[in-house]
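A short write-up of the structure that comes next.
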Amino acid sequence: MEPAFIVAAFAGGLVALALRLPPLVGFLAAGFVLNALGYTSTPALETAADLGVTLLLFTIGLKLDVRSLLRHQVWGAATVHMVLSTVFIALFLGALKFTGLAMAVEAGWSTLLLLGFALSFSSTVFAVKALEARSESGSFYGRLAIGVLIAQDVFAVVFLSASSGHPPSPWAAGLLLLIPAAPLLRLLLDRIGYGEMRVLFGVAAALVAGHALFELVGVKGDLGALVVGLLLGPSANAAPLAKTLLSVKDLLLVGFFLSIGLTALPDAGSLLAGLLLLLVPLKGALFTALFLGLRLRGRTSLLAGMTLSNFSEFGLIVAALAASQGWLSEDWLVALALAVAFSFAVSAPLNAAGERVYRRVGPWLARHERTGQPEGDRPIHVGEARAVVLGMGRVGRGAYERLVQEYAVPTVGVEHDPVTVQRLRLLGYQVVEGDATDPDFWERLNLDPKVWLVVLAMPHQRGNLAALDQLHGDGLHAMIAGVVTRAEEIGELRERGADVVFHLYGEAGRALVDDAVDRLGD
């Protein structure tokens, strides 16, 4: 890879950070600068970009609950939005004929509908990077947006297969064998251990079992990586694997954003690309309206709509295919490349300001909310509970049982895993679904002022610290008790306001020795 690519990307990222913009804006700008200096994309850069996108979709699958993809809010919104936006964008481009813009005048309605279809997609890469930057990829609205993007990917596979004239091979039906093979893959992942073997397993699963296998039978390889990730998702080591691949994926995705900037240089097509940017907020507004109509809260609808307010790199794939078939001129390909890049640059700071936007328009959106929200998006009430346990793992369940059985304190548990929530409810626990690291959870949670104890029993310190910040921000006066697994984490919790901190392994060791000494004394 050209050394100039690395230097330009690093410099662009630094400038973006200095301007308080996401680094990806700097990477895009670096691509334009390199293009202006005469550089072109190289096979090495394209390979890095492709690998980054494949690993991104694989890690999405690892963290995604398959059942969330089956919600009617996902497929309903994705389908209706695609139809309406395709028609609307085609009409918008058709209206440009009256301005005398040569590219619009020469385009027939079939071409305009094709362009509308290409621009109706939102970028999976951009959306996931924006969610990860805010640590909200696991939030309800984040999962909703990702579900819509996956639905769009399915539409993309159908379109590419039909328009290229190369339908999937009859052997593609054999991909269904991955379903019965999934338990074996999960068992291997659970037995593989840590270090380089875990990284190698993840890369092999994404690139070989996913991308290469699907491409071999004529199905989009990126979709294959996503499917394999979904099949591995139930494994206990799926989340650690996603975390292990994080740095590799992020580094390779720098190549993706550079390659977008290197696709085209701003020129006369910039005027059309600038006009197309007017459609970006309209795309987001349409998504927001559809989500509201599907009984989602205003905050969920707005933030998910903003996440999807961009154009997709898939638009470039459609344009390239159409150009190769003679359906589009090369000028349209340049204009779409610029529109995609510009939409990323505009949407990145807009997404970063999502909460501020919601505070301004939230009251208006609330007036248009409908009753009957799905469980993951409705207000959370803890009823008559006087104690709340955040995290219902082994430690959390022990704390819950002690409070209920020994002290008869009405207690409610909070757990982010829906499968665990359902299992515990069947066992008689009072549990609500929620992620304490998700600001949206605290937006929905209604804590009774009579709650006198909150137990932080989450396995990761990040969750405990996030919960402490939210609890003090809500003005709650309950006692807060936390559990940590490392001694250095004790001070962090106390500095944030925890009243009692229990070092799990240290206290267990002391209790073990005390019990042994007592027995010797007897």
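Just remember, in the structure tokens the first chain shown is A, the second B, etc., residues are 1-based per chain, and ligands are 1-based in the order shown.
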
>> Quick one: residues within 7 Å of region 120-131 of chain A, only C-alpha atoms, excluding same-chain residues fewer than 5 positions away - as an MDAnalysis selection string?
In response: chainID A and resid 53 82 85:86 136:137 142 149 152 307:313 348

Those residues with all heavy atoms, as a short mmCIF file (atom, residue, chain, number, x, y, z; two decimals), in the first residue's frame please?
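For reference, result36.cif as written:
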```cif
data_model
loop_
_atom_site.label_atom_id
_atom_site.label_comp_id
_atom_site.auth_asym_id
_atom_site.auth_seq_id
_atom_site.Cartn_x
_atom_site.Cartn_y
_atom_site.Cartn_z
N VAL A 53 -15.04 -4.31 5.36
CA VAL A 53 -16.50 -4.42 5.28
C VAL A 53 -16.96 -5.82 5.66
O VAL A 53 -17.96 -6.00 6.37
CB VAL A 53 -16.99 -4.04 3.86
CG1 VAL A 53 -18.48 -4.33 3.71
CG2 VAL A 53 -16.69 -2.58 3.58
N MET A 82 -38.22 1.74 1.02
CA MET A 82 -37.53 1.55 -0.26
C MET A 82 -38.45 1.90 -1.43
O MET A 82 -38.03 2.57 -2.39
CB MET A 82 -37.06 0.09 -0.37
CG MET A 82 -36.36 -0.21 -1.67
SD MET A 82 -35.38 -1.70 -1.57
CE MET A 82 -34.08 -1.14 -0.47
N SER A 85 -39.21 5.90 -1.26
CA SER A 85 -38.04 6.74 -1.55
C SER A 85 -37.57 6.56 -2.99
O SER A 85 -37.11 7.52 -3.63
CB SER A 85 -36.90 6.44 -0.57
OG SER A 85 -36.51 5.08 -0.64
N THR A 86 -37.69 5.34 -3.53
CA THR A 86 -37.32 5.13 -4.94
C THR A 86 -38.16 6.00 -5.85
O THR A 86 -37.63 6.69 -6.75
CB THR A 86 -37.50 3.64 -5.32
OG1 THR A 86 -36.59 2.84 -4.55
CG2 THR A 86 -37.21 3.44 -6.81
N GLU A 136 -23.60 2.82 21.14
CA GLU A 136 -25.04 2.57 21.14
C GLU A 136 -25.46 1.54 20.10
O GLU A 136 -26.62 1.48 19.71
CB GLU A 136 -25.80 3.88 20.93
CG GLU A 136 -25.62 4.85 22.10
CD GLU A 136 -26.48 6.09 21.98
OE1 GLU A 136 -27.17 6.24 20.95
OE2 GLU A 136 -26.47 6.91 22.91
N SER A 137 -24.50 0.70 19.66
CA SER A 137 -24.86 -0.33 18.69
C SER A 137 -25.78 -1.37 19.31
O SER A 137 -26.50 -2.08 18.58
CB SER A 137 -23.60 -1.00 18.13
OG SER A 137 -22.81 -1.55 19.16
N GLY A 142 -30.48 1.32 17.82
CA GLY A 142 -29.33 0.85 17.06
C GLY A 142 -29.61 -0.50 16.42
O GLY A 142 -29.31 -0.72 15.23
N LEU A 149 -30.96 -2.18 7.81
CA LEU A 149 -29.83 -2.27 6.88
C LEU A 149 -29.64 -3.70 6.37
O LEU A 149 -29.31 -3.91 5.20
CB LEU A 149 -28.55 -1.78 7.57
CG LEU A 149 -28.51 -0.28 7.86
CD1 LEU A 149 -27.42 0.04 8.87
CD2 LEU A 149 -28.29 0.51 6.58
N GLN A 152 -32.18 -4.36 3.82
CA GLN A 152 -31.76 -3.74 2.56
C GLN A 152 -30.70 -4.59 1.86
O GLN A 152 -30.68 -4.69 0.63
CB GLN A 152 -31.23 -2.34 2.82
CG GLN A 152 -32.29 -1.34 3.24
CD GLN A 152 -31.73 0.06 3.44
OE1 GLN A 152 -30.51 0.25 3.51
NE2 GLN A 152 -32.60 1.04 3.52
N THR A 307 -29.69 7.80 12.00
CA THR A 307 -28.63 6.83 11.70
C THR A 307 -28.69 6.37 10.25
O THR A 307 -27.66 6.10 9.63
CB THR A 307 -28.76 5.61 12.64
OG1 THR A 307 -28.69 6.04 14.00
CG2 THR A 307 -27.65 4.60 12.39
N LEU A 308 -29.89 6.30 9.71
CA LEU A 308 -30.09 5.83 8.33
C LEU A 308 -30.10 6.98 7.32
O LEU A 308 -30.37 6.75 6.13
CB LEU A 308 -31.41 5.05 8.24
CG LEU A 308 -31.46 3.78 9.10
CD1 LEU A 308 -32.89 3.25 9.20
CD2 LEU A 308 -30.54 2.72 8.53
N SER A 309 -29.81 8.19 7.77
CA SER A 309 -29.85 9.37 6.89
C SER A 309 -28.53 9.53 6.15
O SER A 309 -27.68 10.36 6.51
CB SER A 309 -30.16 10.63 7.71
OG SER A 309 -31.43 10.56 8.28
N ASN A 310 -28.32 8.74 5.15
CA ASN A 310 -27.13 8.84 4.31
C ASN A 310 -27.37 8.00 3.06
O ASN A 310 -28.35 7.26 2.97
CB ASN A 310 -25.88 8.35 5.06
CG ASN A 310 -26.11 6.99 5.71
OD1 ASN A 310 -26.16 5.98 5.04
ND2 ASN A 310 -26.28 6.99 7.03
N PHE A 311 -26.48 8.13 2.11
CA PHE A 311 -26.51 7.27 0.94
C PHE A 311 -25.53 6.12 1.15
O PHE A 311 -24.61 6.20 1.97
CB PHE A 311 -26.15 8.04 -0.32
CG PHE A 311 -27.11 9.15 -0.65
CD1 PHE A 311 -26.67 10.43 -0.95
CD2 PHE A 311 -28.48 8.90 -0.66
CE1 PHE A 311 -27.57 11.44 -1.26
CE2 PHE A 311 -29.39 9.90 -0.96
CZ PHE A 311 -28.92 11.18 -1.26
N SER A 312 -25.72 5.07 0.39
CA SER A 312 -24.94 3.86 0.61
C SER A 312 -23.91 3.63 -0.48
O SER A 312 -24.12 4.00 -1.64
CB SER A 312 -25.88 2.65 0.68
OG SER A 312 -25.14 1.44 0.73
N GLU A 313 -22.81 3.00 -0.07
CA GLU A 313 -21.82 2.55 -1.03
C GLU A 313 -22.44 1.56 -2.03
O GLU A 313 -21.92 1.37 -3.13
CB GLU A 313 -20.63 1.90 -0.32
CG GLU A 313 -20.94 0.68 0.52
CD GLU A 313 -21.55 1.00 1.87
OE1 GLU A 313 -21.70 2.20 2.21
OE2 GLU A 313 -21.89 0.05 2.58
N ALA A 348 -22.25 12.53 9.59
CA ALA A 348 -21.42 12.20 10.76
C ALA A 348 -21.62 13.21 11.90
O ALA A 348 -21.95 12.82 13.03
CB ALA A 348 -19.95 12.10 10.37
#
```

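The residue that comes closest to Ser235 (chain A), out of A:Ser139, A:Leu189, A:Leu276, A:Gly94 and on the basis of only C-alpha atoms, is A:Leu189.
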
> Do you know which residues are at most 7 Å from Gly221 (chain A) counting only C-alpha atoms, after dropping those on the same chain fewer than 5 positions away, and could you put them as a ChimeraX atom specification?
Replying inline: /A:210-212,214-215

Please produce a file of the residues just selected, as a PDB file, in the first residue's frame, where the atoms kept are C-alpha atoms.
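After the write, out_12.pdb holds the following:
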```pdb
ATOM      1  CA  GLY A 210     -18.763 -16.751   5.141  1.00  0.00           C
ATOM      2  CA  HIS A 211     -17.482 -14.651   2.247  1.00  0.00           C
ATOM      3  CA  ALA A 212     -15.640 -17.214   0.097  1.00  0.00           C
ATOM      4  CA  PHE A 214     -21.150 -17.740  -0.445  1.00  0.00           C
ATOM      5  CA  GLU A 215     -19.282 -16.195  -3.393  1.00  0.00           C
TER       6      GLU A 215
END
```

Return as a tab-separated table the residues of region 305-420 of chain A lying at most 12 Å from region 447-450 of chain A, together with the closest atom-to-atom pair for each and the distance in Å to one decimal, counting only C-alpha atoms, with rows in chain order and ascending residue number.
```
residue	atom	partner	partner_atom	distance
A:Pro379	CA	A:Leu447	CA	10.8
A:Ile380	CA	A:Leu447	CA	8.6
A:His381	CA	A:Leu447	CA	7.0
A:Val382	CA	A:Leu447	CA	6.5
A:Gly383	CA	A:Asp448	CA	7.6
A:Glu384	CA	A:Asp448	CA	7.8
A:Ala385	CA	A:Asp448	CA	7.9
A:Arg386	CA	A:Lys450	CA	6.2
A:Ala387	CA	A:Lys450	CA	9.0
A:Val388	CA	A:Leu447	CA	9.1
A:Pro410	CA	A:Lys450	CA	11.3
A:Val412	CA	A:Leu447	CA	10.9
```

For the selection you just gave me, I'd like the residues written to a file as a PDB file, in the first residue's frame, keeping C-alpha atoms.
```pdb
ATOM      1  CA  PRO A 379     -41.353   2.755  29.442  1.00  0.00           C
ATOM      2  CA  ILE A 380     -39.941   0.576  32.233  1.00  0.00           C
ATOM      3  CA  HIS A 381     -41.687   0.623  35.605  1.00  0.00           C
ATOM      4  CA  VAL A 382     -40.230  -1.147  38.632  1.00  0.00           C
ATOM      5  CA  GLY A 383     -43.535  -1.105  40.507  1.00  0.00           C
ATOM      6  CA  GLU A 384     -43.247  -1.406  44.290  1.00  0.00           C
ATOM      7  CA  ALA A 385     -39.601  -2.517  44.180  1.00  0.00           C
ATOM      8  CA  ARG A 386     -37.348  -1.040  46.848  1.00  0.00           C
ATOM      9  CA  ALA A 387     -34.125  -2.535  45.446  1.00  0.00           C
ATOM     10  CA  VAL A 388     -32.829  -2.780  41.874  1.00  0.00           C
ATOM     11  CA  PRO A 410     -39.276  -6.225  46.923  1.00  0.00           C
ATOM     12  CA  VAL A 412     -36.446  -6.128  40.457  1.00  0.00           C
TER      13      VAL A 412
END
```

> Neighbours of region 499-501 of chain A within 8 Å (only C-alpha atoms; same-chain residues fewer than 6 positions away dropped), as a ChimeraX atom specification?
Replying inline: /A:479-484,490,493

Could you write those residues out with N, CA, C and O atoms, as a PDB file, in the first residue's frame?
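Contents of result.pdb, freshly written:
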```pdb
ATOM      1  N   MET A 479     -28.868   4.110  48.224  1.00  0.00           N
ATOM      2  CA  MET A 479     -27.515   3.602  48.426  1.00  0.00           C
ATOM      3  C   MET A 479     -27.117   2.786  47.201  1.00  0.00           C
ATOM      4  O   MET A 479     -27.924   2.030  46.654  1.00  0.00           O
ATOM      5  N   ILE A 480     -25.869   2.948  46.751  1.00  0.00           N
ATOM      6  CA  ILE A 480     -25.385   2.241  45.562  1.00  0.00           C
ATOM      7  C   ILE A 480     -24.245   1.319  45.967  1.00  0.00           C
ATOM      8  O   ILE A 480     -23.250   1.764  46.557  1.00  0.00           O
ATOM      9  N   ALA A 481     -24.412   0.025  45.700  1.00  0.00           N
ATOM     10  CA  ALA A 481     -23.393  -0.972  46.019  1.00  0.00           C
ATOM     11  C   ALA A 481     -22.898  -1.604  44.728  1.00  0.00           C
ATOM     12  O   ALA A 481     -23.704  -1.953  43.858  1.00  0.00           O
ATOM     13  N   GLY A 482     -21.584  -1.727  44.580  1.00  0.00           N
ATOM     14  CA  GLY A 482     -21.019  -2.269  43.348  1.00  0.00           C
ATOM     15  C   GLY A 482     -20.101  -3.445  43.595  1.00  0.00           C
ATOM     16  O   GLY A 482     -19.524  -3.584  44.687  1.00  0.00           O
ATOM     17  N   VAL A 483     -19.975  -4.295  42.584  1.00  0.00           N
ATOM     18  CA  VAL A 483     -19.080  -5.455  42.631  1.00  0.00           C
ATOM     19  C   VAL A 483     -18.039  -5.286  41.531  1.00  0.00           C
ATOM     20  O   VAL A 483     -18.386  -4.984  40.379  1.00  0.00           O
ATOM     21  N   VAL A 484     -16.752  -5.479  41.880  1.00  0.00           N
ATOM     22  CA  VAL A 484     -15.673  -5.400  40.895  1.00  0.00           C
ATOM     23  C   VAL A 484     -14.843  -6.664  40.953  1.00  0.00           C
ATOM     24  O   VAL A 484     -14.838  -7.377  41.960  1.00  0.00           O
ATOM     25  N   ILE A 490     -11.901  -0.495  42.329  1.00  0.00           N
ATOM     26  CA  ILE A 490     -12.609  -0.055  43.542  1.00  0.00           C
ATOM     27  C   ILE A 490     -12.623   1.469  43.620  1.00  0.00           C
ATOM     28  O   ILE A 490     -13.661   2.100  43.855  1.00  0.00           O
ATOM     29  N   LEU A 493     -15.092   3.300  41.189  1.00  0.00           N
ATOM     30  CA  LEU A 493     -16.501   3.322  41.593  1.00  0.00           C
ATOM     31  C   LEU A 493     -16.734   4.296  42.748  1.00  0.00           C
ATOM     32  O   LEU A 493     -17.732   5.013  42.774  1.00  0.00           O
TER      33      LEU A 493
END
```

>> I'd like the neighbourhood of Thr371 (chain A) as a VMD selection string, where a residue qualifies if any of its atoms comes within 9 Å (using only C-alpha atoms), though same-chain residues fewer than 6 positions away should be ignored.
In response: chain A and resid 295 to 297

File of the preceding selection, C-alpha atoms, as a tab-separated table (two decimals), in the first residue's frame:
```
chain	number	residue	atom	x	y	z
A	295	ARG	CA	-45.76	2.26	17.31
A	296	LEU	CA	-42.18	3.13	18.27
A	297	ARG	CA	-41.30	5.97	20.61
```

> If we count only C-alpha atoms, what is near Ala29 (chain A) at a cut-off of 8 Å, once residues fewer than 3 positions away on the same chain are taken out, given as a ChimeraX atom specification?
Replying inline: /A:12,25-26,32-33,261

Write the residues you've just listed into a file as an mmCIF file, in the first residue's frame, and include C-alpha atoms for each of them.
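As written to disk, again_35.cif reads:
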```cif
data_model
loop_
_atom_site.group_PDB
_atom_site.id
_atom_site.type_symbol
_atom_site.label_atom_id
_atom_site.label_comp_id
_atom_site.auth_asym_id
_atom_site.auth_seq_id
_atom_site.Cartn_x
_atom_site.Cartn_y
_atom_site.Cartn_z
ATOM 1 C CA GLY A 12 -7.072 13.611 8.068
ATOM 2 C CA VAL A 25 -14.844 12.530 7.889
ATOM 3 C CA GLY A 26 -11.094 13.095 7.912
ATOM 4 C CA PHE A 32 -10.279 13.603 -1.952
ATOM 5 C CA VAL A 33 -6.893 15.249 -1.300
ATOM 6 C CA GLY A 261 -12.765 9.613 -1.477
#
```

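Of the residues under consideration (A:Leu184, A:Leu271, A:Val419, A:Leu45), A:Leu184 shows the shortest atom-to-atom contact distance to Leu232 (chain A) when counting only C-alpha atoms.
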